[in-house]
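Peer 1: Quick one: the structure is below, questions incoming.
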4 protein chains.
Amino acid sequence: MTELQNFKEVIDQYKVIFFDSFGVIKNYMGLVPGVKETFAYLEEQNKQYYIVTNDASRSPLQLAEGFHKMGLTEIQEDHVISSGMLAKEYLDLKVHDGIVAYLGTIDSAHYIESSGLHTLPVNSINESNIDQVNALVLLDDEGFNWFSDLNKTVNILRRRNIPTIVANTDGSYPLNVNEVSIAIGGIASMLESIVGKRFIRFGKPDSQMFMFAYDLVRERTPTISKSDVLMIGDTLGTDILGGNKFGLDTMLVFTGNTLQHDAEIRINSLGIVPTYICASAAV
Amino acid sequence: MTELQNFKEVIDQYKVIFFDSFGVIKNYMGLVPGVKETFAYLEEQNKQYYIVTNDASRSPLQLAEGFHKMGLTEIQEDHVISSGMLAKEYLDLKVHDGIVAYLGTIDSAHYIESSGLHTLPVNSINESNIDQVNALVLLDDEGFNWFSDLNKTVNILRRRNIPTIVANTDGSYPLNVNEVSIAIGGIASMLESIVGKRFIRFGKPDSQMFMFAYDLVRERTPTISKSDVLMIGDTLGTDILGGNKFGLDTMLVFTGNTLQHDAEIRINSLGIVPTYICASAAV
Amino acid sequence: MTELQNFKEVIDQYKVIFFDSFGVIKNYMGLVPGVKETFAYLEEQNKQYYIVTNDASRSPLQLAEGFHKMGLTEIQEDHVISSGMLAKEYLDLKVHDGIVAYLGTIDSAHYIESSGLHTLPVNSINESNIDQVNALVLLDDEGFNWFSDLNKTVNILRRRNIPTIVANTDGSYPLNVNEVSIAIGGIASMLESIVGKRFIRFGKPDSQMFMFAYDLVRERTPTISKSDVLMIGDTLGTDILGGNKFGLDTMLVFTGNTLQHDAEIRINSLGIVPTYICASAAV
Amino acid sequence: MTELQNFKEVIDQYKVIFFDSFGVIKNYMGLVPGVKETFAYLEEQNKQYYIVTNDASRSPLQLAEGFHKMGLTEIQEDHVISSGMLAKEYLDLKVHDGIVAYLGTIDSAHYIESSGLHTLPVNSINESNIDQVNALVLLDDEGFNWFSDLNKTVNILRRRNIPTIVANTDGSYPLNVNEVSIAIGGIASMLESIVGKRFIRFGKPDSQMFMFAYDLVRERTPTISKSDVLMIGDTLGTDILGGNKFGLDTMLVFTGNTLQHDAEIRINSLGIVPTYICASAAV
């Protein structure tokens, strides 16, 4: 593990950069200072970059628009890879008809809609349509009544033997500097343990997330290899573990979940070692 | 394991009977047929009995009154041992002042109130009183807003390093023949995994539940030993595992969670073997 | 949580002291300095004390003899409560005939022998006797061939639906200041997950361990209550969690598993809070 | 889920077939009857096929030679994808110098050797070389002394903060029709829980295994999509779950881990649903 004073020290060793979004590019205080310059530099140097995010609550287009509003106009929709895209790919490939029931906001569901499938919130499932439910997707922790809809979800899964897709593996996410919020990945673990079935999880650290981004890279530039790619993240258990496992170099930054004074103890206790540690992704 | 045609075949081998409540004495259809006669017989024979239940949502008095309404007038308050009683004992012994925050109904909280302690629902905890919160008790899955209060609970536990007591270890409970409801024990596991702390769980299969009942037995009849006691339950993972571990003989009945045609496969796959299996606790 | 300069500050508030053994009374360097004086003081003041240890590798007599060799001649066999005693009680109450197969040393098995039962090491189980095996006990990590006997154990448990008793819940134990050894509790978790069955675990933090000691206390002195008892240990997840849950006051010492400079971070991250912290159990 | 009488009914819908090895192509009784004809048909029809196996104990060449000895001369080395290949890729990309310590046979280690790296069995690690150990790889359950080398592994991981790669995620594997053997994946879970670190696991159901095979397919035939590929396996939790998650159609066969009379109950209890079920992969 190498401690960097500035991301600049290594940026030119890589042809492609993968960025986590929350905690790397932005956080509760807005855009991370200096990151705008990083993207300007990447554009200028003609380097590829992708945002690789465990966020299934919005579409890549909406995620890109969020960056634009903060002044990061460089990031286009086709540079954003979300775990929601993997949920959508799964449904496209594996569920050919019927209803896809979901937990999440209407916006999050809109994105996974495919031709031939009908998405319905869990609270709209009833005796008249339950036998057409062919998949369940957990998208977001908002947009539904936890008490009635989580209980209803358990009973749908007891009755219908269908795949359950978890489009975000995080257990919780930060709300502000002091508070966190339970994420749909945490809720999913509770439901999974109650119904005793195996859910299908997308999102870092799972490799499928990295593979999706890496395939896009190679479509544009077939000569690129894994050693040309650096993954930057603020979370050891998702960004760094997943990046390492996929064979990428990794950089842990201190602008999100991991604070500088905790980093060493966490790296040692989890045994997840980034290639670099650096205060931020600014150049 | 011995298969009984009727509970009568072995009842006289025991001086004390421990009964689980839901699934043994009553179920969604009301009182289990023939169980009234069982209690009449126990009274007539002067045998001791206790109801040992993972139900922290009501006080022993309220639980006894529930039996009376169904016609089981024999069962008095002092024969009912609930996991809520263990939560109360813990607070009495270990928490000497301040606020006990809880998730559950007002009724469930009323019971755990002790002199010197002030119980408050999680939704009443705020900046002005959070520093007085000295324990958190998870009592029931009803009586609070899941979305706001579960998120609030996570943040209370991140801020205050206090004991969290789970007064019911069940992950779910049956609502009717087809549907289950998520129980506070299932919610507790989700919260525990998100905050990364170790909660204190009372309720079967934990031995403390059986010890509490057994201590009452020996207070009345000091000569009784564990081999004089039979535990009757409908659930392998709580009633039977806990009874076995405590050193009691156990009887699995088919009037609740375990159906007769599933019993063998479940006993074999879990490796939890009751002393007897019997259709019901009726005589 | 109160930080003590010396155990003396609170010792007179208690009538009974429970001590963990390794890490509290002795460690790799021998007897903990000053602990001999603690026992002399307890004797002089006529206070009761018990050693409550997750050690099923030797009998209480052998454990007491070990203390005597180190110069702690006060500790008699009947003051030593080991998790092996609970395994023995279980077999006495619940297994009436046949073979008890075990993993551990001959010494550890000698202790659990009961009239009517025949103990045999796992490596002596074969086609001619496997159908008489009525229980399996995991006693110690030594005394058997890990490769052949652990594989054999898995296959015994796939063939015989019998109770498996784990007489020590610890996952590992310290060998010296730098090294640990895998304990039978760690091996048990691997076997449990491979065979998919539920084992019966004795040993702290489980309440049954504390109950066993507390019952002995009350036999001698019926007026004692839980608030008269202090549990002293070096491990948060066993001694302190278990003592707290049972309703006892607890004292964490820094002569074993928990080092003083780590204590705060561990207490906060696990949420297991002792009543007192103190450098050692010396007075 | 569609029940097939014969694999022939659907084979022509696919351009590529992925086969699990043990339980699909061969089992304890040798080659699965009729499978030789399946491979002859695939060759004749010019369909691609890959063996995708969680076997890191031998190299692809050795695995292919094993098939040849059984008469399956069609299967060449470059059609065999093993989880050991992913371990090797990880080391090539992420570990640039020093010693790679391993648990497994010499054969299994020979395969992962890379230029610049020195592989050493765990039992050869000592004070003189431990500081050069830069990765640990768990390859096979044979080739080492379980007692001494597993304990040594725990202490290496406590001292060196290095990646641990598990090259086979299976917890156990069948030895014959009645007996199983503990696999290195089961041992890995025990070690992981004792040292408290996160290991890196390759092998089905993880997507990286499928991605590796799928990348080879697309190198040869870029126009192929996931819907052209069928995964055939005998195990729900690895072959079928992993294939489904990667977006492939899947076929469960009854020549290995899953018996026909158990299939329905297992599919329902795990919630892992194959596209097809079929007696075997024979045509």
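Letters for chains follow the order of the structure tokens (A, B, ...), residue numbers begin at 1 for each chain, and ligand numbers begin at 1 in the order shown.
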Show which residues sit within 9 Å of stretch 113-119 of chain A, as a PyMOL selection string. Count only C-alpha atoms, and ignore same-chain residues fewer than 5 positions away.

Peer 2: chain A and resi 88+91-92+95-102

Peer 1: Could you please take those selected residues and save N, CA and C atoms as a PDB file, in the first residue's frame?

Peer 2:
```
ATOM      1  N   LYS A  88     -31.792  -4.453 -14.486  1.00  0.00           N
ATOM      2  CA  LYS A  88     -32.506  -4.359 -15.766  1.00  0.00           C
ATOM      3  C   LYS A  88     -32.020  -5.428 -16.743  1.00  0.00           C
ATOM      4  N   LEU A  91     -33.510  -8.782 -15.830  1.00  0.00           N
ATOM      5  CA  LEU A  91     -34.922  -8.907 -16.226  1.00  0.00           C
ATOM      6  C   LEU A  91     -35.038  -9.099 -17.737  1.00  0.00           C
ATOM      7  N   ASP A  92     -34.250  -8.341 -18.511  1.00  0.00           N
ATOM      8  CA  ASP A  92     -34.295  -8.469 -19.974  1.00  0.00           C
ATOM      9  C   ASP A  92     -33.978  -9.898 -20.407  1.00  0.00           C
ATOM     10  N   VAL A  95     -36.500 -12.788 -17.473  1.00  0.00           N
ATOM     11  CA  VAL A  95     -37.940 -12.747 -17.163  1.00  0.00           C
ATOM     12  C   VAL A  95     -38.670 -12.276 -18.410  1.00  0.00           C
ATOM     13  N   HIS A  96     -39.458 -13.171 -18.988  1.00  0.00           N
ATOM     14  CA  HIS A  96     -39.971 -12.873 -20.319  1.00  0.00           C
ATOM     15  C   HIS A  96     -41.394 -12.337 -20.330  1.00  0.00           C
ATOM     16  N   ASP A  97     -42.130 -12.537 -19.256  1.00  0.00           N
ATOM     17  CA  ASP A  97     -43.494 -12.017 -19.250  1.00  0.00           C
ATOM     18  C   ASP A  97     -43.993 -11.878 -17.820  1.00  0.00           C
ATOM     19  N   GLY A  98     -45.206 -11.348 -17.693  1.00  0.00           N
ATOM     20  CA  GLY A  98     -45.803 -11.231 -16.375  1.00  0.00           C
ATOM     21  C   GLY A  98     -45.444  -9.931 -15.684  1.00  0.00           C
ATOM     22  N   ILE A  99     -45.645  -9.951 -14.361  1.00  0.00           N
ATOM     23  CA  ILE A  99     -45.472  -8.751 -13.542  1.00  0.00           C
ATOM     24  C   ILE A  99     -44.143  -8.823 -12.795  1.00  0.00           C
ATOM     25  N   VAL A 100     -43.436  -7.683 -12.778  1.00  0.00           N
ATOM     26  CA  VAL A 100     -42.274  -7.536 -11.890  1.00  0.00           C
ATOM     27  C   VAL A 100     -42.718  -6.652 -10.728  1.00  0.00           C
ATOM     28  N   ALA A 101     -42.842  -7.246  -9.544  1.00  0.00           N
ATOM     29  CA  ALA A 101     -43.202  -6.464  -8.366  1.00  0.00           C
ATOM     30  C   ALA A 101     -41.948  -5.789  -7.829  1.00  0.00           C
ATOM     31  N   TYR A 102     -42.089  -4.592  -7.251  1.00  0.00           N
ATOM     32  CA  TYR A 102     -40.886  -3.913  -6.758  1.00  0.00           C
ATOM     33  C   TYR A 102     -41.150  -3.160  -5.462  1.00  0.00           C
TER      34      TYR A 102
END
```

Peer 1: What's around stretch 50-65 of chain B at 9 Å? Count only C-alpha atoms, leave out sequence neighbours fewer than 4 positions away in its own chain, and write the answer as a PyMOL selection string.

Peer 2: chain B and resi 16-22+69-70+72-73+75-85+87+104-105+107-112+138-142+167-170+202-204+209-210+213+217+231+239

Peer 1: Could you tell me, as a compact mmCIF listing (two decimals) with N, CA and C atoms, in the first residue's frame, which residues of stretch 35-266 of chain B DSSP assigns to helix (DSSP H, G or I) when given the backbone?

Peer 2:
```
# COMPACT_ATOMS: atom_id res chain seq x y z
N VAL B 35 -57.50 -29.28 24.60
CA VAL B 35 -56.48 -28.74 25.51
C VAL B 35 -57.10 -28.31 26.85
N LYS B 36 -58.37 -27.88 26.79
CA LYS B 36 -59.05 -27.51 28.03
C LYS B 36 -59.06 -28.71 28.98
N GLU B 37 -59.31 -29.88 28.43
CA GLU B 37 -59.32 -31.11 29.23
C GLU B 37 -57.93 -31.41 29.81
N THR B 38 -56.90 -31.08 29.05
CA THR B 38 -55.53 -31.30 29.53
C THR B 38 -55.30 -30.49 30.81
N PHE B 39 -55.70 -29.22 30.78
CA PHE B 39 -55.47 -28.39 31.97
C PHE B 39 -56.34 -28.85 33.14
N ALA B 40 -57.56 -29.26 32.83
CA ALA B 40 -58.42 -29.79 33.90
C ALA B 40 -57.75 -31.01 34.54
N TYR B 41 -57.18 -31.86 33.71
CA TYR B 41 -56.51 -33.06 34.22
C TYR B 41 -55.30 -32.70 35.09
N LEU B 42 -54.53 -31.72 34.62
CA LEU B 42 -53.34 -31.30 35.38
C LEU B 42 -53.74 -30.75 36.74
N GLU B 43 -54.82 -29.95 36.75
CA GLU B 43 -55.32 -29.39 38.02
C GLU B 43 -55.76 -30.53 38.95
N GLU B 44 -56.52 -31.42 38.39
CA GLU B 44 -57.06 -32.55 39.15
C GLU B 44 -55.94 -33.41 39.75
N PRO B 60 -47.88 -10.77 31.60
CA PRO B 60 -48.43 -12.06 31.99
C PRO B 60 -49.92 -11.96 32.35
N LEU B 61 -50.32 -10.88 33.02
CA LEU B 61 -51.73 -10.70 33.35
C LEU B 61 -52.59 -10.63 32.09
N GLN B 62 -52.14 -9.83 31.13
CA GLN B 62 -52.91 -9.73 29.89
C GLN B 62 -52.93 -11.05 29.13
N LEU B 63 -51.80 -11.75 29.16
CA LEU B 63 -51.75 -13.05 28.49
C LEU B 63 -52.72 -14.02 29.16
N ALA B 64 -52.77 -14.02 30.51
CA ALA B 64 -53.70 -14.90 31.23
C ALA B 64 -55.14 -14.54 30.90
N GLU B 65 -55.43 -13.24 30.86
CA GLU B 65 -56.79 -12.81 30.53
C GLU B 65 -57.20 -13.27 29.14
N GLY B 66 -56.23 -13.28 28.22
CA GLY B 66 -56.51 -13.80 26.89
C GLY B 66 -56.95 -15.25 26.94
N PHE B 67 -56.29 -16.06 27.76
CA PHE B 67 -56.69 -17.47 27.91
C PHE B 67 -58.10 -17.57 28.51
N HIS B 68 -58.36 -16.73 29.51
CA HIS B 68 -59.68 -16.78 30.17
C HIS B 68 -60.79 -16.51 29.17
N LYS B 69 -60.56 -15.51 28.31
CA LYS B 69 -61.58 -15.16 27.31
C LYS B 69 -61.89 -16.33 26.38
N GLU B 77 -52.19 -15.79 36.05
CA GLU B 77 -51.06 -14.92 35.71
C GLU B 77 -49.72 -15.49 36.17
N ASP B 78 -49.70 -16.06 37.37
CA ASP B 78 -48.40 -16.52 37.90
C ASP B 78 -47.95 -17.85 37.30
N HIS B 79 -48.70 -18.34 36.32
CA HIS B 79 -48.27 -19.52 35.58
C HIS B 79 -47.75 -19.16 34.19
N SER B 83 -41.05 -13.84 27.63
CA SER B 83 -39.70 -13.28 27.44
C SER B 83 -39.66 -11.81 27.88
N GLY B 84 -40.81 -11.16 27.90
CA GLY B 84 -40.86 -9.80 28.42
C GLY B 84 -40.47 -9.73 29.90
N MET B 85 -40.75 -10.81 30.66
CA MET B 85 -40.37 -10.83 32.07
C MET B 85 -38.85 -10.81 32.23
N LEU B 86 -38.16 -11.44 31.28
CA LEU B 86 -36.70 -11.45 31.35
C LEU B 86 -36.14 -10.08 31.00
N ALA B 87 -36.80 -9.41 30.06
CA ALA B 87 -36.37 -8.05 29.72
C ALA B 87 -36.53 -7.16 30.96
N LYS B 88 -37.65 -7.35 31.64
CA LYS B 88 -37.92 -6.56 32.85
C LYS B 88 -36.88 -6.87 33.93
N GLU B 89 -36.56 -8.15 34.12
CA GLU B 89 -35.56 -8.52 35.12
C GLU B 89 -34.19 -7.89 34.78
N TYR B 90 -33.86 -7.91 33.51
CA TYR B 90 -32.58 -7.31 33.10
C TYR B 90 -32.55 -5.83 33.47
N LEU B 91 -33.63 -5.12 33.13
CA LEU B 91 -33.65 -3.68 33.42
C LEU B 91 -33.58 -3.44 34.93
N ASP B 92 -34.32 -4.25 35.69
CA ASP B 92 -34.31 -4.10 37.15
C ASP B 92 -32.89 -4.24 37.70
N LEU B 93 -32.17 -5.24 37.16
CA LEU B 93 -30.85 -5.54 37.71
C LEU B 93 -29.76 -4.65 37.15
N LYS B 94 -29.88 -4.24 35.90
CA LYS B 94 -28.71 -3.66 35.24
C LYS B 94 -28.84 -2.19 34.85
N ILE B 106 -47.57 0.70 23.50
CA ILE B 106 -47.56 1.30 24.85
C ILE B 106 -47.81 0.21 25.89
N ASP B 107 -48.70 -0.71 25.59
CA ASP B 107 -48.98 -1.83 26.50
C ASP B 107 -47.73 -2.64 26.82
N SER B 108 -46.96 -2.95 25.78
CA SER B 108 -45.77 -3.78 26.01
C SER B 108 -44.78 -3.02 26.88
N ALA B 109 -44.71 -1.72 26.73
CA ALA B 109 -43.75 -0.92 27.49
C ALA B 109 -44.21 -0.74 28.93
N HIS B 110 -45.51 -0.63 29.11
CA HIS B 110 -46.05 -0.44 30.44
C HIS B 110 -45.53 -1.53 31.37
N TYR B 111 -45.48 -2.74 30.85
CA TYR B 111 -45.09 -3.87 31.68
C TYR B 111 -43.65 -3.81 32.15
N ILE B 112 -42.74 -3.29 31.29
CA ILE B 112 -41.32 -3.29 31.68
C ILE B 112 -40.95 -2.10 32.56
N VAL B 122 -39.25 5.12 20.93
CA VAL B 122 -38.14 5.67 20.14
C VAL B 122 -38.51 6.99 19.49
N ASN B 123 -39.76 7.12 19.04
CA ASN B 123 -40.09 8.36 18.34
C ASN B 123 -40.15 9.59 19.25
N SER B 124 -40.08 9.39 20.58
CA SER B 124 -40.02 10.53 21.49
C SER B 124 -38.59 10.89 21.89
N ILE B 130 -31.70 12.43 24.41
CA ILE B 130 -30.95 11.26 23.92
C ILE B 130 -29.80 10.90 24.87
N ASP B 131 -29.22 11.90 25.52
CA ASP B 131 -28.08 11.58 26.38
C ASP B 131 -28.50 10.90 27.69
N GLN B 132 -29.81 10.87 27.96
CA GLN B 132 -30.28 10.11 29.13
C GLN B 132 -30.72 8.68 28.78
N TRP B 146 -42.40 1.99 11.14
CA TRP B 146 -41.18 1.24 10.80
C TRP B 146 -40.13 2.11 10.12
N PHE B 147 -40.53 2.89 9.15
CA PHE B 147 -39.54 3.65 8.39
C PHE B 147 -38.81 4.66 9.28
N SER B 148 -39.56 5.51 9.94
CA SER B 148 -38.88 6.57 10.69
C SER B 148 -38.26 6.04 11.98
N ASP B 149 -38.94 5.12 12.66
CA ASP B 149 -38.43 4.69 13.97
C ASP B 149 -37.29 3.68 13.87
N LEU B 150 -37.28 2.85 12.83
CA LEU B 150 -36.13 1.94 12.68
C LEU B 150 -34.88 2.73 12.29
N ASN B 151 -35.05 3.71 11.41
CA ASN B 151 -33.90 4.55 11.09
C ASN B 151 -33.43 5.33 12.31
N LYS B 152 -34.39 5.81 13.11
CA LYS B 152 -34.01 6.55 14.32
C LYS B 152 -33.27 5.64 15.29
N THR B 153 -33.73 4.40 15.41
CA THR B 153 -33.09 3.44 16.31
C THR B 153 -31.63 3.22 15.93
N VAL B 154 -31.37 3.05 14.64
CA VAL B 154 -29.99 2.87 14.18
C VAL B 154 -29.13 4.05 14.64
N ASN B 155 -29.66 5.26 14.50
CA ASN B 155 -28.85 6.43 14.84
C ASN B 155 -28.72 6.65 16.35
N ILE B 156 -29.73 6.23 17.12
CA ILE B 156 -29.57 6.25 18.59
C ILE B 156 -28.42 5.31 18.98
N LEU B 157 -28.40 4.12 18.38
CA LEU B 157 -27.37 3.13 18.74
C LEU B 157 -25.98 3.52 18.24
N ARG B 158 -25.90 4.33 17.21
CA ARG B 158 -24.59 4.82 16.77
C ARG B 158 -24.08 5.89 17.74
N ARG B 159 -25.00 6.57 18.39
CA ARG B 159 -24.59 7.69 19.26
C ARG B 159 -24.40 7.25 20.71
N ILE B 184 -40.43 -8.88 15.82
CA ILE B 184 -39.40 -7.94 16.26
C ILE B 184 -38.02 -8.62 16.28
N GLY B 185 -37.98 -9.94 16.46
CA GLY B 185 -36.70 -10.64 16.42
C GLY B 185 -36.04 -10.57 15.05
N GLY B 186 -36.84 -10.60 13.99
CA GLY B 186 -36.30 -10.46 12.64
C GLY B 186 -35.80 -9.05 12.40
N ILE B 187 -36.56 -8.07 12.87
CA ILE B 187 -36.14 -6.67 12.76
C ILE B 187 -34.84 -6.45 13.55
N ALA B 188 -34.75 -7.08 14.73
CA ALA B 188 -33.57 -6.93 15.58
C ALA B 188 -32.31 -7.39 14.85
N SER B 189 -32.40 -8.51 14.13
CA SER B 189 -31.21 -9.01 13.42
C SER B 189 -30.75 -8.01 12.37
N MET B 190 -31.71 -7.37 11.70
CA MET B 190 -31.33 -6.36 10.70
C MET B 190 -30.62 -5.18 11.37
N LEU B 191 -31.18 -4.70 12.47
CA LEU B 191 -30.57 -3.55 13.16
C LEU B 191 -29.18 -3.92 13.69
N GLU B 192 -29.06 -5.12 14.25
CA GLU B 192 -27.79 -5.58 14.83
C GLU B 192 -26.71 -5.63 13.76
N SER B 193 -27.08 -6.12 12.59
CA SER B 193 -26.07 -6.22 11.54
C SER B 193 -25.70 -4.84 11.02
N ILE B 194 -26.64 -3.90 10.98
CA ILE B 194 -26.33 -2.56 10.48
C ILE B 194 -25.45 -1.79 11.47
N VAL B 195 -25.74 -1.88 12.77
CA VAL B 195 -24.93 -1.12 13.73
C VAL B 195 -23.69 -1.90 14.19
N SER B 207 -31.61 -20.52 27.20
CA SER B 207 -31.87 -21.24 28.46
C SER B 207 -32.47 -20.37 29.54
N GLN B 208 -32.20 -19.05 29.48
CA GLN B 208 -32.62 -18.20 30.59
C GLN B 208 -34.14 -18.24 30.77
N MET B 209 -34.84 -18.43 29.67
CA MET B 209 -36.29 -18.56 29.67
C MET B 209 -36.73 -19.79 30.48
N PHE B 210 -36.05 -20.90 30.23
CA PHE B 210 -36.41 -22.15 30.92
C PHE B 210 -36.00 -22.09 32.38
N MET B 211 -34.85 -21.46 32.63
CA MET B 211 -34.35 -21.32 33.99
C MET B 211 -35.34 -20.52 34.84
N PHE B 212 -35.91 -19.48 34.24
CA PHE B 212 -36.85 -18.63 34.96
C PHE B 212 -38.05 -19.46 35.42
N ALA B 213 -38.58 -20.27 34.51
CA ALA B 213 -39.73 -21.12 34.85
C ALA B 213 -39.31 -22.21 35.86
N TYR B 214 -38.16 -22.79 35.64
CA TYR B 214 -37.70 -23.88 36.49
C TYR B 214 -37.43 -23.40 37.92
N ASP B 215 -36.93 -22.17 38.05
CA ASP B 215 -36.72 -21.59 39.38
C ASP B 215 -38.04 -21.46 40.12
N LEU B 216 -39.09 -21.04 39.41
CA LEU B 216 -40.41 -20.93 40.04
C LEU B 216 -40.90 -22.30 40.50
N VAL B 217 -40.68 -23.31 39.67
CA VAL B 217 -41.08 -24.67 40.03
C VAL B 217 -40.39 -25.10 41.32
N ARG B 218 -39.10 -24.88 41.39
CA ARG B 218 -38.36 -25.34 42.56
C ARG B 218 -38.64 -24.53 43.81
N GLU B 219 -39.04 -23.28 43.62
CA GLU B 219 -39.46 -22.52 44.80
C GLU B 219 -40.66 -23.20 45.47
N ARG B 220 -41.58 -23.64 44.65
CA ARG B 220 -42.77 -24.31 45.19
C ARG B 220 -42.45 -25.73 45.64
N LYS B 226 -34.91 -31.84 36.77
CA LYS B 226 -35.21 -31.58 35.36
C LYS B 226 -35.91 -32.76 34.70
N SER B 227 -35.62 -33.97 35.16
CA SER B 227 -36.23 -35.13 34.51
C SER B 227 -37.71 -35.27 34.85
N ASP B 228 -38.22 -34.45 35.76
CA ASP B 228 -39.66 -34.44 36.05
C ASP B 228 -40.44 -33.49 35.15
N LEU B 236 -39.51 -26.48 16.33
CA LEU B 236 -38.27 -27.20 16.64
C LEU B 236 -37.16 -26.26 17.12
N GLY B 237 -36.98 -25.13 16.43
CA GLY B 237 -35.82 -24.27 16.70
C GLY B 237 -35.91 -23.48 17.98
N THR B 238 -37.09 -23.40 18.59
CA THR B 238 -37.21 -22.66 19.85
C THR B 238 -37.60 -23.60 20.99
N ASP B 239 -38.82 -24.11 20.95
CA ASP B 239 -39.34 -24.93 22.04
C ASP B 239 -38.52 -26.20 22.25
N ILE B 240 -38.28 -26.92 21.17
CA ILE B 240 -37.67 -28.25 21.30
C ILE B 240 -36.16 -28.13 21.51
N LEU B 241 -35.49 -27.32 20.70
CA LEU B 241 -34.05 -27.13 20.89
C LEU B 241 -33.75 -26.59 22.29
N GLY B 242 -34.52 -25.58 22.71
CA GLY B 242 -34.28 -24.98 24.02
C GLY B 242 -34.57 -25.94 25.16
N GLY B 243 -35.67 -26.66 25.04
CA GLY B 243 -36.03 -27.64 26.07
C GLY B 243 -34.97 -28.74 26.17
N ASN B 244 -34.58 -29.28 25.04
CA ASN B 244 -33.53 -30.31 25.03
C ASN B 244 -32.26 -29.79 25.69
N LYS B 245 -31.83 -28.62 25.27
CA LYS B 245 -30.56 -28.08 25.77
C LYS B 245 -30.61 -27.88 27.28
N PHE B 246 -31.77 -27.47 27.78
CA PHE B 246 -31.90 -27.26 29.22
C PHE B 246 -31.97 -28.60 29.97
N GLN B 260 -47.68 -32.20 10.45
CA GLN B 260 -47.32 -33.62 10.59
C GLN B 260 -46.52 -34.13 9.39
N HIS B 261 -46.95 -33.74 8.17
CA HIS B 261 -46.26 -34.32 7.00
C HIS B 261 -44.87 -33.72 6.77
N ASP B 262 -44.56 -32.61 7.42
CA ASP B 262 -43.22 -32.00 7.30
C ASP B 262 -42.29 -32.41 8.43
N ALA B 263 -42.87 -32.97 9.50
CA ALA B 263 -42.11 -33.11 10.75
C ALA B 263 -40.82 -33.89 10.55
N GLU B 264 -40.93 -35.05 9.89
CA GLU B 264 -39.76 -35.90 9.79
C GLU B 264 -38.63 -35.22 9.03
N ILE B 265 -38.98 -34.58 7.91
CA ILE B 265 -37.94 -33.94 7.10
C ILE B 265 -37.28 -32.79 7.87
N ARG B 266 -38.07 -32.06 8.65
CA ARG B 266 -37.49 -30.95 9.41
C ARG B 266 -36.62 -31.44 10.56
```

Peer 1: Give the answer as one residue: which of A:Leu259, A:Val180, A:Leu4, A:Val133 has the shortest atom-to-atom distance to chain B, using only C-alpha atoms?

Peer 2: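 With only C-alpha atoms as the atom set, the closest residue is A:Val180.
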
Peer 1: Which residues, written as a PyMOL selection string, have at least one atom at most 10 Å from A:Met29, with only C-alpha atoms counted and residues fewer than 4 positions away on the same chain left out?

Peer 2: chain A and resi 33+176-177

Peer 1: Can you work out the spacing between atom CA of A:Tyr14 and atom CA of A:Ser225 in Å, to one decimal?

Peer 2: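 So the answer is 10.3 Å.
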
Peer 1: Atom CA of B:Tyr276 and atom CA of B:Glu179, how far apart in Å?

Peer 2: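 Atom-to-atom, atom CA of B:Glu179 and atom CA of B:Tyr276 are spaced 27.8 Å apart.
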
Peer 1: So how far away is atom CA of A:Asp12 from atom CA of A:Thr221, in Å?

Peer 2: 17.2 Å

Peer 1: Point out the residue among C:Ile200, C:Leu270, C:Ala135, C:Leu175 with the least atom-to-atom distance to chain D, counting only C-alpha atoms.

Peer 2: C:Leu175

Peer 1: Would you please work out which residue, of B:Ile224, B:Leu103, B:Val273, B:Val253, is nearest to chain C when using only C-alpha atoms?

Peer 2: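 For chain C, the nearest of the candidates is B:Val273.
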